[in-house]
file work12.txt (compact mmCIF, C-alpha atoms)
# COMPACT_ATOMS: atom_id res chain seq x y z
CA MET S 1 102.14 127.11 91.10
CA ARG S 2 103.32 126.29 94.63
CA LEU S 3 105.21 123.06 93.85
CA PRO S 4 107.06 123.71 90.59
CA ASP S 5 109.92 121.38 89.61
CA THR S 6 108.97 119.00 92.43
CA VAL S 7 108.76 115.22 92.42
CA ALA S 8 106.31 114.01 95.08
CA PHE S 9 106.16 110.36 96.21
CA VAL S 10 102.86 109.62 97.96
CA THR S 11 102.24 106.27 99.66
CA GLY S 12 98.68 105.06 99.83
CA GLY S 13 97.93 107.35 96.92
CA GLY S 14 95.30 105.07 95.44
CA SER S 15 92.40 106.33 97.56
CA GLY S 16 91.23 108.67 100.30
CA ILE S 17 93.65 111.20 101.74
CA GLY S 18 96.51 109.99 99.55
CA ARG S 19 94.48 110.47 96.38
CA ALA S 20 93.40 113.95 97.42
CA ILE S 21 97.02 114.89 98.15
CA CYS S 22 98.14 113.59 94.75
CA GLN S 23 95.48 115.64 92.99
CA ARG S 24 96.22 118.80 94.97
CA PHE S 25 100.00 118.52 94.52
CA ALA S 26 99.67 117.85 90.79
CA ALA S 27 97.43 120.89 90.39
CA GLU S 28 100.25 122.94 91.92
CA GLY S 29 102.89 121.69 89.48
CA ALA S 30 104.32 118.58 91.14
CA ARG S 31 105.05 115.41 89.23
CA VAL S 32 103.33 112.85 91.42
CA VAL S 33 104.30 109.25 92.04
CA VAL S 34 101.18 107.41 93.19
CA ALA S 35 102.50 104.48 95.23
CA ASP S 36 100.03 101.88 96.49
CA ARG S 37 99.69 98.14 96.99
CA ASN S 38 96.35 98.54 95.17
CA LEU S 39 97.71 99.23 91.70
CA PRO S 40 94.27 99.70 90.05
CA GLY S 41 93.51 102.35 92.66
CA ALA S 42 96.83 104.06 91.96
CA GLU S 43 96.10 103.97 88.23
CA GLU S 44 92.71 105.56 88.84
CA THR S 45 94.42 108.36 90.76
CA VAL S 46 96.79 108.84 87.82
CA ARG S 47 93.78 109.13 85.51
CA LEU S 48 92.22 111.76 87.75
CA VAL S 49 95.49 113.68 87.82
CA THR S 50 95.96 113.58 84.07
CA ASP S 51 92.37 114.72 83.62
CA ILE S 52 93.32 118.01 85.26
CA GLY S 53 96.49 118.34 83.19
CA GLY S 54 98.87 116.95 85.80
CA ASP S 55 101.73 114.50 85.47
CA ALA S 56 101.58 111.27 87.48
CA LEU S 57 102.98 107.75 87.62
CA ALA S 58 101.47 104.69 89.32
CA VAL S 59 103.88 102.31 91.02
CA PRO S 60 103.10 99.17 93.04
CA LEU S 61 104.28 99.42 96.62
CA GLU S 62 104.20 97.22 99.70
CA VAL S 63 105.46 99.66 102.30
CA THR S 64 106.47 96.93 104.76
CA ASP S 65 108.88 95.33 102.27
CA GLU S 66 112.33 96.89 101.83
CA ALA S 67 112.80 95.55 98.31
CA SER S 68 109.40 96.84 97.20
CA VAL S 69 110.18 100.31 98.59
CA ALA S 70 113.56 100.37 96.86
CA ALA S 71 112.02 99.29 93.55
CA ALA S 72 109.24 101.88 93.75
CA VAL S 73 111.65 104.72 94.53
CA ALA S 74 114.01 103.58 91.76
CA ARG S 75 111.14 103.54 89.26
CA ALA S 76 110.05 107.01 90.37
CA GLU S 77 113.53 108.42 89.96
CA THR S 78 114.01 106.78 86.56
CA VAL S 79 110.82 108.35 85.20
CA PHE S 80 110.62 111.69 87.02
CA GLY S 81 113.98 112.25 88.73
CA PRO S 82 114.98 112.47 92.40
CA VAL S 83 112.24 112.55 95.01
CA ASP S 84 111.92 116.01 96.57
CA LEU S 85 108.80 115.39 98.62
CA LEU S 86 107.79 112.22 100.47
CA VAL S 87 104.30 111.80 101.90
CA ASN S 88 103.97 108.79 104.21
CA ASN S 89 100.25 108.23 104.11
CA ALA S 90 99.66 104.47 103.76
CA ALA S 91 97.94 103.00 106.81
CA ILE S 92 95.66 100.29 108.11
CA SER S 93 93.69 100.13 111.35
CA GLU S 94 92.87 96.77 112.90
CA GLY S 95 91.99 95.86 116.48
CA ASP S 96 90.35 97.87 119.25
CA ASN S 97 90.75 95.89 122.46
CA LEU S 98 94.23 95.09 123.73
CA THR S 99 93.16 91.88 125.46
CA GLU S 100 91.65 90.54 122.21
CA ILE S 101 94.20 91.75 119.63
CA ASP S 102 96.40 88.90 118.47
CA PRO S 103 100.13 89.50 118.00
CA GLU S 104 99.85 89.11 114.23
CA THR S 105 97.33 91.96 113.99
CA TRP S 106 99.50 94.14 116.24
CA ASP S 107 102.62 93.45 114.19
CA ARG S 108 100.85 93.96 110.85
CA THR S 109 99.44 97.34 111.89
CA LEU S 110 102.76 98.62 113.23
CA ALA S 111 104.51 97.35 110.12
CA VAL S 112 102.32 99.36 107.76
CA VAL S 113 101.91 102.47 109.89
CA LEU S 114 105.43 102.80 111.32
CA ARG S 115 107.86 100.45 109.58
CA GLY S 116 106.61 101.66 106.20
CA PRO S 117 107.50 105.32 106.81
CA TYR S 118 110.87 104.26 108.21
CA LEU S 119 111.66 102.31 105.04
CA CYS S 120 110.46 105.09 102.75
CA CYS S 121 112.41 107.76 104.63
CA ARG S 122 115.49 105.55 104.56
CA ALA S 123 115.14 105.19 100.79
CA VAL S 124 114.82 108.88 99.92
CA LEU S 125 116.80 110.66 102.65
CA PRO S 126 120.30 110.09 101.23
CA GLY S 127 119.34 111.83 98.00
CA MET S 128 117.63 114.69 99.83
CA ILE S 129 120.69 115.17 102.03
CA ALA S 130 123.03 115.13 99.03
CA ARG S 131 120.93 117.80 97.26
CA ARG S 132 120.30 119.69 100.52
CA ARG S 133 116.65 119.83 99.61
CA GLY S 134 113.70 117.76 100.75
CA VAL S 135 110.38 117.64 102.55
CA ILE S 136 108.91 114.70 104.46
CA LEU S 137 105.25 114.78 105.46
CA ASN S 138 103.93 112.07 107.74
CA ILE S 139 100.19 111.61 107.95
CA ALA S 140 99.72 110.81 111.63
CA SER S 141 96.40 111.00 113.51
CA VAL S 142 94.73 112.50 116.55
CA ASN S 143 94.94 108.90 117.81
CA GLY S 144 98.65 109.49 118.22
CA LEU S 145 97.97 112.51 120.45
CA THR S 146 95.43 111.14 122.90
CA GLY S 147 93.66 107.96 123.96
CA LEU S 148 90.96 107.04 121.45
CA GLY S 149 91.22 103.27 121.39
CA GLU S 150 92.49 101.30 118.37
CA GLU S 151 95.66 100.54 120.31
CA PRO S 152 97.93 99.21 117.51
CA TYR S 153 97.04 102.05 115.15
CA SER S 154 97.25 104.67 117.88
CA ALA S 155 100.59 103.45 119.20
CA ALA S 156 102.03 103.39 115.68
CA LYS S 157 100.78 106.90 114.95
CA ALA S 158 102.34 108.15 118.19
CA GLY S 159 105.60 106.57 117.08
CA LEU S 160 105.26 108.26 113.69
CA ILE S 161 104.93 111.63 115.42
CA ASN S 162 108.12 111.02 117.38
CA LEU S 163 109.89 109.86 114.22
CA THR S 164 108.86 113.13 112.59
CA LYS S 165 110.41 115.18 115.36
CA ASN S 166 113.66 113.25 115.22
CA LEU S 167 113.84 113.63 111.44
CA ALA S 168 113.31 117.36 111.82
CA ILE S 169 116.05 117.97 114.38
CA LYS S 170 118.59 115.63 112.82
CA HIS S 171 118.15 116.59 109.20
CA GLY S 172 117.20 120.25 109.39
CA PRO S 173 120.91 121.09 109.03
CA ASP S 174 120.87 118.97 105.85
CA GLY S 175 118.15 121.10 104.28
CA VAL S 176 115.36 118.60 104.94
CA ARG S 177 112.11 119.58 106.63
CA ALA S 178 109.85 117.02 108.34
CA ASN S 179 106.34 117.68 109.62
CA ALA S 180 103.28 115.65 110.56
CA ILE S 181 99.58 116.15 110.08
CA ALA S 182 97.18 114.68 112.64
CA PRO S 183 93.74 114.32 111.07
CA GLY S 184 90.62 113.60 113.02
CA THR S 185 87.83 111.51 111.54
CA VAL S 186 88.05 111.78 107.77
CA ARG S 187 85.62 110.31 105.26
CA THR S 188 87.92 107.70 103.66
CA PRO S 189 87.77 103.99 102.71
CA ILE S 190 89.51 103.01 105.97
CA TRP S 191 86.05 103.46 107.53
CA ASN S 192 84.25 101.10 105.13
CA ALA S 193 84.21 98.09 107.46
CA ARG S 194 82.82 100.14 110.32
CA LEU S 195 80.24 101.83 108.11
CA ALA S 196 79.00 98.40 107.05
CA THR S 197 77.76 97.79 110.60
CA HIS S 198 77.29 101.42 111.67
CA PRO S 199 76.16 103.37 108.58
CA THR S 200 75.50 106.58 110.53
CA ALA S 201 78.97 106.68 112.11
CA PHE S 202 79.98 109.98 110.50
CA GLU S 203 76.72 111.65 111.45
CA ASP S 204 76.99 110.34 115.01
CA LEU S 205 80.59 111.56 115.36
CA ALA S 206 79.99 115.01 113.88
CA PRO S 207 78.59 116.62 117.09
CA TRP S 208 81.88 115.90 118.91
CA TYR S 209 83.69 118.19 116.47
CA PRO S 210 83.50 121.92 117.21
CA LEU S 211 83.11 122.62 113.49
CA GLY S 212 80.16 120.25 113.38
CA ARG S 213 81.34 117.76 110.77
CA VAL S 214 83.89 115.07 110.07
CA GLY S 215 86.71 115.86 107.70
CA GLU S 216 87.07 115.31 103.98
CA PRO S 217 90.29 114.16 102.28
CA GLU S 218 90.59 117.59 100.69
CA ASP S 219 90.87 119.19 104.15
CA VAL S 220 94.04 117.21 104.80
CA ALA S 221 95.36 117.78 101.29
CA ALA S 222 95.11 121.54 101.76
CA ALA S 223 97.20 121.37 104.93
CA ALA S 224 99.69 119.05 103.23
CA LEU S 225 100.11 121.53 100.37
CA PHE S 226 100.94 124.33 102.80
CA LEU S 227 103.51 122.28 104.71
CA ALA S 228 105.06 121.01 101.47
CA SER S 229 105.36 124.43 99.89
CA ALA S 230 107.82 127.29 100.32
CA ASP S 231 105.16 129.03 102.43
CA ALA S 232 106.28 126.69 105.23
CA ALA S 233 110.00 127.12 104.59
CA TRP S 234 110.72 127.88 108.28
CA ILE S 235 108.44 125.20 109.71
CA THR S 236 109.78 121.82 110.71
CA GLY S 237 109.10 119.31 113.48
CA VAL S 238 105.48 120.37 113.97
CA VAL S 239 102.37 118.23 114.35
CA LEU S 240 99.45 120.05 112.78
CA PRO S 241 96.02 118.83 113.89
CA VAL S 242 93.55 118.94 111.01
CA ASP S 243 90.65 117.85 113.14
CA GLY S 244 87.78 120.32 113.13
CA GLY S 245 88.84 121.48 116.60
CA LEU S 246 88.64 118.07 118.29
CA MET S 247 91.97 118.37 120.12
CA ALA S 248 91.08 121.83 121.42
CA GLY S 249 88.65 120.25 123.85
CA SER S 250 85.09 119.03 124.14
CA TYR S 251 82.47 121.73 124.58
CA ARG S 252 79.84 119.03 124.20
CA MET S 253 81.21 117.33 127.32
CA ALA S 254 81.23 120.65 129.15
CA ARG S 255 77.59 121.27 128.21
CA GLU S 256 76.54 117.80 129.32
CA LEU S 257 78.39 118.19 132.62
CA SER S 258 76.64 121.48 133.23
CA GLY S 259 73.27 119.95 132.45
CA GLU S 260 72.73 122.04 129.31
CA GLY S 261 72.53 119.18 126.91
call {"tool": "encode", "arguments": {"input": "work12.txt", "output": "structure tokens"}}
result
Amino acid sequence: MRLPDTVAFVTGGGSGIGRAICQRFAAEGARVVVADRNLPGAEETVRLVTDIGGDALAVPLEVTDEASVAAAVARAETVFGPVDLLVNNAAISEGDNLTEIDPETWDRTLAVVLRGPYLCCRAVLPGMIARRRGVILNIASVNGLTGLGEEPYSAAKAGLINLTKNLAIKHGPDGVRANAIAPGTVRTPIWNARLATHPTAFEDLAPWYPLGRVGEPEDVAAAALFLASADAAWITGVVLPVDGGLMAGSYRMARELSGEG
């Protein structure tokens, strides 16, 4: 077991990457709090965790609302004890053209993707500092590392990366580690709207990835487990791309420029 005696609080745990992280952490001994605005989804994750012998709790959470965050963390601590491991995973992605994105869409995206992690960190950090033990994992994106459109989402993910670095340098002396994971394209429900109009999106994107495929939620969960565990005890402030090699460069572009393909 790599996460014994650990209480993990995972936002957006009701589907996709969050669900995979909950399952992987529970399999390694963590008691998992599945926090999601979609409570039926969170409850389904709990069922999947209990099916493998894990221990999990579903809590409703609206990450943009301070009172909701406080209530969810309080419920988690009442049932399982202090939160040792926070995974800020909840996200939405809306808007892909700055001149057409209305202010409400911009604000809503930044609220979920950036304000939410701020509120969750603010809720659990005092306890982590007092115990001199804690891990914060922020699920960022390759969109936060380079220009890939989706301006509100990308700007918020870039902010989340910077928040991670500041958490790491300020709270390392308190015994708290903070790291970020930057996934590339991952097969999750956030893509459902796009797949409805472009059903071959994953297949069309796959050739841009050096490893020849888009990611699966389990790919990110495996990286999250490493960064959460004692194996990463001397790692903080990093941004780990889990992206099939996308950020390494584009050999496909090089081939097309050279006339090879």
call {"tool": "atom_distance", "arguments": {"input": "work12.txt", "atom1": "CA of Ala130 (chain S)", "atom2": "CA of His171 (chain S)"}}
result
11.4 Å
call {"tool": "closest_residue", "arguments": {"input": "work12.txt", "among": "S:Ile235, S:Val124, S:Met1, S:Ala20", "to": "Ala70 (chain S)", "atoms": "all atoms listed in the file"}}
result
S:Val124
call {"tool": "residues_around", "arguments": {"input": "work12.txt", "residues": "Glu43 (chain S)", "least_positions_apart": "2", "cutoff": "10 Å", "atoms": "only C-alpha atoms", "output": "PyMOL selection string"}}
result
chain S and resi 13-14+34-36+38-41+45-49+56-60
call {"tool": "residues_around", "arguments": {"input": "work12.txt", "residues": "Ile190 (chain S)", "least_positions_apart": "6", "cutoff": "10 Å", "atoms": "all atoms listed in the file", "output": "MDAnalysis selection string"}}
result
chainID S and resid 15:16 91:94
call {"tool": "residues_around", "arguments": {"input": "work12.txt", "residues": "Ala230 (chain S)", "least_positions_apart": "4", "cutoff": "10 Å", "atoms": "all atoms listed in the file", "output": "compact mmCIF listing (two decimals) with C-alpha atoms, in the frame of the given file"}}
result
# COMPACT_ATOMS: atom_id res chain seq x y z
CA ARG S 2 103.32 126.29 94.63
CA LEU S 3 105.21 123.06 93.85
CA LEU S 225 100.11 121.53 100.37
CA PHE S 226 100.94 124.33 102.80
CA TRP S 234 110.72 127.88 108.28
CA ILE S 235 108.44 125.20 109.71
call {"tool": "closest_residue", "arguments": {"input": "work12.txt", "among": "S:Val112, S:Ala233, S:Val239, S:Ile139", "to": "Ala221 (chain S)", "atoms": "all atoms listed in the file"}}
result
S:Ile139
call {"tool": "closest_residue", "arguments": {"input": "work12.txt", "among": "S:Leu61, S:Ala74, S:Leu86, S:Ala156", "to": "Trp106 (chain S)", "atoms": "all atoms listed in the file"}}
result
S:Ala156
call {"tool": "closest_residue", "arguments": {"input": "work12.txt", "among": "S:Asp231, S:Asp243, S:Asp219, S:Asp65", "to": "Gly184 (chain S)", "atoms": "all atoms listed in the file"}}
result
S:Asp243
call {"tool": "closest_residue", "arguments": {"input": "work12.txt", "among": "S:Thr11, S:Thr200, S:Thr6, S:Asn192", "to": "Ser229 (chain S)", "atoms": "only C-alpha atoms"}}
result
S:Thr6
call {"tool": "closest_residue", "arguments": {"input": "work12.txt", "among": "S:Arg133, S:Arg24, S:Lys157, S:Lys165", "to": "Leu85 (chain S)", "atoms": "only C-alpha atoms"}}
result
S:Arg133
call {"tool": "residues_around", "arguments": {"input": "work12.txt", "residues": "Tyr251 (chain S)", "least_positions_apart": "2", "cutoff": "10 Å", "atoms": "all atoms listed in the file", "output": "ChimeraX atom specification"}}
result
/S:207-210,246,248-249,253-257
